[in-house]
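Listing of entry_19.json; format and content: JSON, C-alpha atoms.
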[["chain", "number", "residue", "atom", "x", "y", "z"],
["G", 12, "MET", "CA", 93.90, 76.87, 124.13],
["G", 13, "THR", "CA", 95.10, 78.74, 121.10],
["G", 14, "PHE", "CA", 95.84, 82.14, 119.62],
["G", 15, "SER", "CA", 95.38, 82.97, 115.97],
["G", 16, "ILE", "CA", 94.85, 85.63, 113.35],
["G", 17, "VAL", "CA", 92.83, 85.37, 110.14],
["G", 18, "ALA", "CA", 93.49, 88.04, 107.56],
["G", 19, "HIS", "CA", 92.87, 89.41, 104.08],
["G", 20, "CYS", "CA", 95.28, 91.57, 102.07],
["G", 21, "PRO", "CA", 93.29, 94.19, 100.12],
["G", 22, "ARG", "CA", 96.32, 94.93, 97.94],
["G", 23, "THR", "CA", 96.87, 91.38, 96.65],
["G", 24, "GLY", "CA", 93.65, 89.58, 97.55],
["G", 25, "MET", "CA", 95.59, 86.98, 99.54],
["G", 26, "LEU", "CA", 93.91, 85.27, 102.50],
["G", 27, "GLY", "CA", 95.65, 83.52, 105.37],
["G", 28, "VAL", "CA", 95.77, 82.21, 108.91],
["G", 29, "ALA", "CA", 98.53, 82.03, 111.52],
["G", 30, "VAL", "CA", 97.95, 80.04, 114.69],
["G", 31, "ALA", "CA", 99.87, 78.65, 117.68],
["G", 32, "THR", "CA", 98.94, 76.47, 120.63],
["G", 33, "ALA", "CA", 100.11, 74.01, 123.29],
["G", 34, "VAL", "CA", 98.67, 71.01, 121.44],
["G", 35, "PRO", "CA", 100.42, 69.06, 118.65],
["G", 36, "ALA", "CA", 99.73, 69.68, 114.96],
["G", 37, "VAL", "CA", 97.54, 72.77, 115.19],
["G", 38, "GLY", "CA", 97.88, 73.26, 111.43],
["G", 39, "SER", "CA", 95.89, 70.06, 110.84],
["G", 40, "MET", "CA", 92.93, 71.20, 112.94],
["G", 41, "CYS", "CA", 92.34, 74.94, 113.07],
["G", 42, "PRO", "CA", 93.11, 76.89, 109.84],
["G", 43, "TYR", "CA", 90.86, 76.72, 106.79],
["G", 44, "VAL", "CA", 91.32, 78.95, 103.73],
["G", 45, "LYS", "CA", 89.72, 79.06, 100.29],
["G", 46, "ALA", "CA", 91.21, 81.38, 97.67],
["G", 47, "GLY", "CA", 88.86, 84.17, 96.67],
["G", 48, "VAL", "CA", 86.42, 83.19, 99.42],
["G", 49, "GLY", "CA", 87.71, 83.52, 102.98],
["G", 50, "ALA", "CA", 89.88, 82.37, 105.86],
["G", 51, "VAL", "CA", 88.80, 80.80, 109.15],
["G", 52, "SER", "CA", 90.41, 79.59, 112.36],
["G", 53, "THR", "CA", 88.23, 77.27, 114.43],
["G", 54, "GLN", "CA", 89.61, 76.70, 117.94],
["G", 55, "SER", "CA", 88.97, 76.14, 121.65],
["G", 56, "TRP", "CA", 87.00, 72.84, 121.49],
["G", 57, "VAL", "CA", 87.45, 72.60, 117.74],
["G", 58, "ASN", "CA", 84.53, 72.01, 115.39],
["G", 59, "PRO", "CA", 85.98, 71.83, 111.85],
["G", 60, "TYR", "CA", 82.52, 71.96, 110.30],
["G", 61, "LEU", "CA", 82.10, 75.52, 111.51],
["G", 62, "ALA", "CA", 84.96, 76.52, 109.20],
["G", 63, "ILE", "CA", 83.91, 74.25, 106.35],
["G", 64, "ASP", "CA", 80.31, 75.44, 106.44],
["G", 65, "ALA", "CA", 81.23, 79.11, 106.90],
["G", 66, "LEU", "CA", 83.42, 79.03, 103.78],
["G", 67, "ARG", "CA", 80.64, 77.32, 101.84],
["G", 68, "LEU", "CA", 78.16, 80.04, 102.88],
["G", 69, "ILE", "CA", 80.60, 82.81, 101.96],
["G", 70, "GLN", "CA", 81.11, 81.20, 98.55],
["G", 71, "GLN", "CA", 77.32, 81.20, 98.14],
["G", 72, "GLY", "CA", 77.20, 84.96, 98.70],
["G", 73, "GLN", "CA", 77.05, 85.61, 102.44],
["G", 74, "SER", "CA", 79.52, 87.95, 104.10],
["G", 75, "GLY", "CA", 82.01, 86.66, 106.65],
["G", 76, "PRO", "CA", 79.95, 87.99, 109.59],
["G", 77, "GLU", "CA", 76.72, 86.59, 108.16],
["G", 78, "ALA", "CA", 78.28, 83.19, 107.61],
["G", 79, "LEU", "CA", 79.64, 83.14, 111.16],
["G", 80, "ASP", "CA", 76.24, 84.02, 112.62],
["G", 81, "ALA", "CA", 74.62, 81.26, 110.59],
["G", 82, "VAL", "CA", 77.00, 78.47, 111.60],
["G", 83, "MET", "CA", 77.09, 79.45, 115.27],
["G", 84, "ALA", "CA", 73.29, 79.48, 115.45],
["G", 85, "LYS", "CA", 73.25, 75.78, 114.56],
["G", 86, "ASP", "CA", 76.09, 74.64, 116.83],
["G", 87, "GLU", "CA", 74.85, 73.27, 120.17],
["G", 88, "GLY", "CA", 78.41, 73.46, 121.50],
["G", 89, "ARG", "CA", 78.76, 77.17, 120.69],
["G", 90, "ASP", "CA", 79.60, 78.11, 124.28],
["G", 91, "LEU", "CA", 82.82, 76.09, 123.99],
["G", 92, "ARG", "CA", 83.86, 77.35, 120.57],
["G", 93, "GLN", "CA", 86.10, 80.13, 119.38],
["G", 94, "ILE", "CA", 86.32, 81.11, 115.73],
["G", 95, "GLY", "CA", 87.65, 83.95, 113.60],
["G", 96, "VAL", "CA", 86.45, 84.61, 110.03],
["G", 97, "VAL", "CA", 87.38, 87.02, 107.24],
["G", 98, "ASP", "CA", 86.03, 87.02, 103.71],
["G", 99, "ALA", "CA", 87.65, 88.07, 100.43],
["G", 100, "ARG", "CA", 86.25, 91.59, 100.80],
["G", 101, "GLY", "CA", 87.86, 92.02, 104.21],
["G", 102, "ARG", "CA", 84.62, 91.65, 106.20],
["G", 103, "SER", "CA", 85.65, 90.01, 109.45],
["G", 104, "ALA", "CA", 84.02, 88.60, 112.58],
["G", 105, "ALA", "CA", 84.81, 86.42, 115.58],
["G", 106, "TRP", "CA", 83.02, 84.40, 118.23],
["G", 107, "SER", "CA", 84.20, 83.42, 121.70],
["G", 108, "GLY", "CA", 81.80, 81.22, 123.64],
["G", 109, "LYS", "CA", 81.17, 82.05, 127.27],
["G", 110, "ALA", "CA", 82.56, 78.67, 128.39],
["G", 111, "CYS", "CA", 85.98, 79.19, 126.76],
["G", 112, "THR", "CA", 88.88, 79.08, 129.21],
["G", 113, "ASP", "CA", 90.18, 82.42, 130.52],
["G", 114, "TRP", "CA", 91.72, 84.55, 129.26],
["G", 115, "PHE", "CA", 89.70, 84.55, 126.06],
["G", 116, "GLY", "CA", 88.57, 87.20, 123.62],
["G", 117, "GLN", "CA", 89.13, 88.79, 120.24],
["G", 118, "ILE", "CA", 89.84, 91.97, 118.31],
["G", 119, "VAL", "CA", 87.98, 92.39, 115.04],
["G", 120, "GLU", "CA", 88.81, 95.08, 112.49],
["G", 121, "PRO", "CA", 88.50, 95.38, 108.71],
["G", 122, "ASN", "CA", 90.65, 92.73, 107.00],
["G", 123, "PHE", "CA", 91.53, 90.75, 110.13],
["G", 124, "ALA", "CA", 90.35, 89.10, 113.32],
["G", 125, "ALA", "CA", 92.73, 88.11, 116.13],
["G", 126, "GLN", "CA", 91.47, 85.75, 118.84],
["G", 127, "GLY", "CA", 92.68, 83.49, 121.60],
["G", 128, "ASN", "CA", 91.69, 81.43, 124.60],
["G", 129, "MET", "CA", 93.49, 79.92, 127.60],
["G", 130, "LEU", "CA", 95.92, 82.83, 127.30],
["G", 131, "VAL", "CA", 98.10, 84.50, 129.90],
["G", 132, "SER", "CA", 96.18, 87.76, 129.34],
["G", 133, "ALA", "CA", 94.50, 90.05, 126.83],
["G", 134, "ALA", "CA", 97.96, 91.36, 125.95],
["G", 135, "THR", "CA", 98.46, 88.47, 123.51],
["G", 136, "VAL", "CA", 95.55, 89.43, 121.26],
["G", 137, "GLU", "CA", 96.27, 93.14, 121.63],
["G", 138, "ALA", "CA", 99.90, 92.61, 120.56],
["G", 139, "MET", "CA", 98.84, 90.52, 117.56],
["G", 140, "ALA", "CA", 96.44, 93.19, 116.35],
["G", 141, "ARG", "CA", 99.02, 95.92, 116.82],
["G", 142, "ALA", "CA", 101.72, 93.99, 114.96],
["G", 143, "PHE", "CA", 99.38, 93.33, 112.06],
["G", 144, "ARG", "CA", 98.38, 96.98, 111.81],
["G", 145, "ASP", "CA", 101.96, 98.22, 112.12],
["G", 146, "SER", "CA", 103.22, 95.93, 109.33],
["G", 147, "ASP", "CA", 100.88, 97.32, 106.68],
["G", 148, "GLY", "CA", 102.78, 97.31, 103.39],
["G", 149, "GLN", "CA", 104.50, 93.98, 104.04],
["G", 150, "GLY", "CA", 103.36, 90.77, 102.36],
["G", 151, "LEU", "CA", 100.56, 88.87, 104.05],
["G", 152, "ALA", "CA", 102.73, 85.95, 105.17],
["G", 153, "GLU", "CA", 105.15, 88.34, 106.87],
["G", 154, "ARG", "CA", 102.33, 90.28, 108.55],
["G", 155, "LEU", "CA", 100.79, 87.07, 109.89],
["G", 156, "MET", "CA", 104.16, 85.85, 111.11],
["G", 157, "ARG", "CA", 104.84, 89.13, 112.90],
["G", 158, "ALA", "CA", 101.43, 88.98, 114.55],
["G", 159, "LEU", "CA", 102.08, 85.44, 115.80],
["G", 160, "GLU", "CA", 105.51, 86.42, 117.12],
["G", 161, "ALA", "CA", 104.02, 89.44, 118.91],
["G", 162, "GLY", "CA", 101.35, 87.29, 120.52],
["G", 163, "GLU", "CA", 103.94, 84.80, 121.71],
["G", 164, "ALA", "CA", 106.14, 87.57, 123.12],
["G", 165, "ALA", "CA", 103.17, 89.04, 124.98],
["G", 166, "GLY", "CA", 102.44, 85.78, 126.81],
["G", 167, "GLY", "CA", 100.65, 83.41, 124.46],
["G", 168, "ASP", "CA", 99.09, 80.16, 125.68],
["G", 169, "LYS", "CA", 99.37, 79.98, 129.47],
["G", 170, "ARG", "CA", 100.19, 76.24, 129.36],
["G", 171, "GLY", "CA", 103.27, 76.81, 127.19],
["G", 172, "ARG", "CA", 103.81, 76.03, 123.52],
["G", 173, "GLN", "CA", 103.91, 73.03, 121.20],
["G", 174, "SER", "CA", 102.86, 73.74, 117.59],
["G", 175, "ALA", "CA", 102.31, 76.58, 115.12],
["G", 176, "ALA", "CA", 101.17, 76.99, 111.53],
["G", 177, "LEU", "CA", 100.97, 79.57, 108.75],
["G", 178, "THR", "CA", 98.92, 79.22, 105.58],
["G", 179, "VAL", "CA", 98.39, 81.73, 102.77],
["G", 180, "HIS", "CA", 96.28, 81.32, 99.64],
["G", 181, "HIS", "CA", 96.32, 83.60, 96.62],
["G", 182, "THR", "CA", 94.54, 82.85, 93.34],
["G", 183, "GLU", "CA", 94.84, 79.08, 93.07],
["G", 184, "ASP", "CA", 92.92, 76.25, 94.72],
["G", 185, "TYR", "CA", 96.18, 75.11, 96.32],
["G", 186, "PRO", "CA", 98.05, 77.21, 98.92],
["G", 187, "LEU", "CA", 100.84, 79.61, 98.15],
["G", 188, "LEU", "CA", 102.33, 78.67, 101.53],
["G", 189, "ASP", "CA", 101.25, 76.01, 104.02],
["G", 190, "LEU", "CA", 103.87, 75.71, 106.78],
["G", 191, "ARG", "CA", 103.56, 73.70, 109.97],
["G", 192, "VAL", "CA", 105.63, 73.04, 113.05],
["G", 193, "ASP", "CA", 103.82, 70.12, 114.65],
["G", 194, "GLU", "CA", 105.82, 69.51, 117.85],
["G", 195, "HIS", "CA", 108.58, 71.77, 119.08],
["G", 196, "HIS", "CA", 109.76, 73.50, 122.26],
["G", 197, "HIS", "CA", 109.70, 76.87, 120.46],
["G", 198, "PRO", "CA", 107.24, 76.42, 117.58],
["G", 199, "VAL", "CA", 106.77, 80.09, 116.68],
["G", 200, "ALA", "CA", 110.50, 80.67, 116.41],
["G", 201, "GLU", "CA", 110.85, 77.48, 114.39],
["G", 202, "LEU", "CA", 108.01, 78.58, 112.13],
["G", 203, "ARG", "CA", 109.90, 81.82, 111.47],
["G", 204, "ARG", "CA", 112.98, 79.78, 110.51],
["G", 205, "VAL", "CA", 110.95, 77.55, 108.19],
["G", 206, "LEU", "CA", 109.27, 80.58, 106.60],
["G", 207, "GLY", "CA", 112.68, 82.05, 105.81],
["G", 208, "ILE", "CA", 113.78, 78.85, 104.10],
["G", 209, "ALA", "CA", 110.47, 78.42, 102.27],
["G", 210, "SER", "CA", 110.62, 81.97, 100.96],
["G", 211, "LEU", "CA", 113.98, 81.21, 99.32],
["G", 212, "GLN", "CA", 113.53, 77.58, 98.31],
["G", 213, "LEU", "CA", 109.81, 76.76, 98.07],
["G", 214, "LEU", "CA", 108.13, 79.90, 96.71],
["G", 215, "PRO", "CA", 110.22, 80.00, 93.50],
["G", 216, "PHE", "CA", 109.02, 76.44, 92.81],
["G", 217, "VAL", "CA", 105.35, 77.15, 93.67],
["G", 218, "GLU", "CA", 105.35, 80.24, 91.46],
["G", 219, "GLY", "CA", 106.08, 78.02, 88.44],
["G", 220, "MET", "CA", 103.41, 75.40, 89.19],
["G", 221, "PRO", "CA", 100.37, 75.10, 86.89],
["G", 222, "LYS", "CA", 97.72, 77.78, 87.31],
["G", 223, "LYS", "CA", 94.01, 77.84, 86.55],
["G", 224, "GLY", "CA", 93.67, 77.93, 82.78],
["G", 225, "GLY", "CA", 97.39, 77.49, 82.20],
["G", 226, "PRO", "CA", 100.04, 74.77, 82.37],
["G", 227, "GLY", "CA", 102.54, 76.83, 84.34],
["G", 228, "ALA", "CA", 106.03, 77.69, 83.24],
["G", 229, "PRO", "CA", 109.13, 75.50, 83.27],
["G", 230, "ALA", "CA", 111.21, 76.15, 86.33],
["G", 231, "PRO", "CA", 114.03, 78.63, 85.66],
["G", 232, "ASN", "CA", 117.46, 77.06, 85.50],
["G", 233, "SER", "CA", 118.38, 78.88, 88.71],
["G", 234, "VAL", "CA", 115.53, 77.10, 90.58],
["G", 235, "VAL", "CA", 116.37, 73.72, 89.05],
["G", 236, "GLU", "CA", 120.02, 74.12, 90.02],
["G", 237, "MET", "CA", 119.14, 75.26, 93.53],
["G", 238, "LEU", "CA", 116.79, 72.34, 94.22],
["G", 239, "ALA", "CA", 119.35, 69.87, 92.89],
["G", 240, "LEU", "CA", 121.63, 70.84, 95.77],
["G", 241, "PRO", "CA", 121.48, 69.15, 99.20],
["G", 242, "PRO", "CA", 119.26, 71.27, 101.50],
["G", 243, "PRO", "CA", 122.12, 72.65, 103.64],
["G", 244, "GLN", "CA", 123.80, 74.04, 100.51],
["G", 245, "ARG", "CA", 120.74, 75.98, 99.29],
["G", 246, "PRO", "CA", 119.99, 79.65, 100.09],
["G", 247, "GLY", "CA", 119.05, 79.92, 103.75],
["G", 248, "GLY", "CA", 120.36, 76.46, 104.53],
["G", 249, "GLY", "CA", 117.78, 73.77, 105.22],
["G", 250, "GLY", "CA", 117.23, 70.40, 106.80],
["G", 251, "SER", "CA", 116.58, 69.97, 110.50],
["G", 252, "ALA", "CA", 117.21, 72.75, 112.95],
["G", 253, "PRO", "CA", 120.41, 72.32, 114.96]]
Please rewrite the model in this file as structure tokens.
Amino acid sequence: MTFSIVAHCPRTGMLGVAVATAVPAVGSMCPYVKAGVGAVSTQSWVNPYLAIDALRLIQQGQSGPEALDAVMAKDEGRDLRQIGVVDARGRSAAWSGKACTDWFGQIVEPNFAAQGNMLVSAATVEAMARAFRDSDGQGLAERLMRALEAGEAAGGDKRGRQSAALTVHHTEDYPLLDLRVDEHHHPVAELRRVLGIASLQLLPFVEGMPKKGGPGAPAPNSVVEMLALPPPQRPGGGGSAP
């Protein structure tokens, strides 16, 4: 019922997930990321504890594939689950239970796993993987966004579309980006619009927030002045889509 990509950037160490589906608020259910540990998308008939437990096992020293094997072995509903995992060393894995709704499947390569179920065809996952590979050199958020857009263009969820999400973690316990479109006729396109605004208006603020072992830096005057403006007057505009 969903298509997603979990990924690791070997250049920056960032970890992230992009996901879209024809159910509301996918960002509240499927993506789980822990900085320096791993990224997971749990989908189909969602079991959040698969993601929570997999990240705990990775933090304890298991690889992404080992953690996935361990959590799936204990899940009696495994035939209905789909999950993608990548750890902070780029070791990736995915599971698609035999009772997932066609089309379902995954592509797993170093530093990413792309997976989906209830899709129009395999073309969605193939397009996501290709877009991620072809955007090497871009930032992780951009690569994930391009993969999601490619999957949507290739067919996506065969029921239609309703929500999408993008989350990226870097070095802190809080996300660098955590963007969600919870109910929209064109959620992937809206997520792209929100990412553009967040890159101009939100990231400069997040970059000055307190860090581990440090209080953070005062916001530059340019950021203070920008955020004092009404949203439509800021770089990229803002507020609700027309």
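Note that atom CA of G:Ala50 and atom CA of G:Val28 are 6.6 Å apart.
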Stretch 26-106 of chain G near stretch 195-206 of chain G within 9 Å: what's each residue's closest atom pair and its distance in Å to one decimal, counting all atoms listed in the file, ordered by chain then ascending residue number, as CSV?
residue,atom,partner,partner_atom,distance
G:Ala31,CA,G:Val199,CA,7.1
G:Thr32,CA,G:Pro198,CA,8.8
G:Pro35,CA,G:His195,CA,8.6
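Picture a line from atom CA of G:Glu120 to atom CA of G:Leu79; it runs 15.1 Å.
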Measuring between all atoms listed in the file, which one of G:Ala165, G:Ala65, G:Ala46, G:Val136 shows the shortest distance to G:Gly24? G:Ala46
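Shortest separation to G:Lys169 among G:Gln212, G:Ser146, G:Asn122, G:Thr135 occurs at residue G:Thr135, atoms counted being all atoms listed in the file.
Atom to atom, atom CA of G:Ala62 and atom CA of G:Leu214 stand 26.5 Å apart.
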As lines of an AutoDock Vina configuration file, what would the box around stretch 54-71 of chain G look like: edges along x, y and z, 5 Å added on every side, centre and edge lengths in Å to one decimal?
center_x = 83.5
center_y = 77.3
center_z = 109.9
size_x = 22.3
size_y = 21.0
size_z = 33.5
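Minimum atom-to-atom distance to G:Val48, evaluated using only C-alpha atoms, belongs to G:Glu183 out of G:Asp113, G:Ala176, G:Glu183, G:Arg141.
For the set G:Asp98, G:Asp80, G:Glu160, G:Glu194, the residue with the smallest atom-to-atom gap to G:Phe123 is G:Asp98, counting only C-alpha atoms.
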Tell me which of G:Pro242, G:Gly116, G:Pro229, G:Pro121 sits closest to G:Arg144, counting all atoms listed in the file. G:Pro121
Surrounding residues of G:Glu137 excluding itself and chain neighbours under 3 positions, 8 Å, all atoms listed in the file, as a short mmCIF file (atom, residue, chain, number, x, y, z; two decimals) with C-alpha atoms, in the coordinates of the input:
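And here's selection_0.cif as it stands now:
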data_model
loop_
_atom_site.label_atom_id
_atom_site.label_comp_id
_atom_site.auth_asym_id
_atom_site.auth_seq_id
_atom_site.Cartn_x
_atom_site.Cartn_y
_atom_site.Cartn_z
CA ILE G 118 89.84 91.97 118.31
CA ALA G 133 94.50 90.05 126.83
CA ALA G 134 97.96 91.36 125.95
CA ALA G 140 96.44 93.19 116.35
CA ARG G 141 99.02 95.92 116.82
CA GLY G 162 101.35 87.29 120.52
#
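Restricting the calculation to all atoms listed in the file, the smallest distance between G:Met129 and any of G:Asp168, G:Asp147, G:Glu218, G:Glu153 is found for G:Asp168.
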Fewer than 5 positions away in the same chain doesn't count, so skip those; otherwise give me all residues within 6 Å of stretch 51-59 of chain G, counting all atoms listed in the file, as a PyMOL selection string. chain G and resi 12+41-43+91-96
Give me, as an MDAnalysis selection string, all polymer residues having an atom no more than 12 Å from G:Glu236, counting only C-alpha atoms and skipping those fewer than 5 positions away in the same chain. chainID G and resid 212 215:216 230:231 241:242 244:246
Contacts of G:Gly27 at 10 Å (all atoms listed in the file; same-chain gap of 2+ positions) as a count of residues only: 30
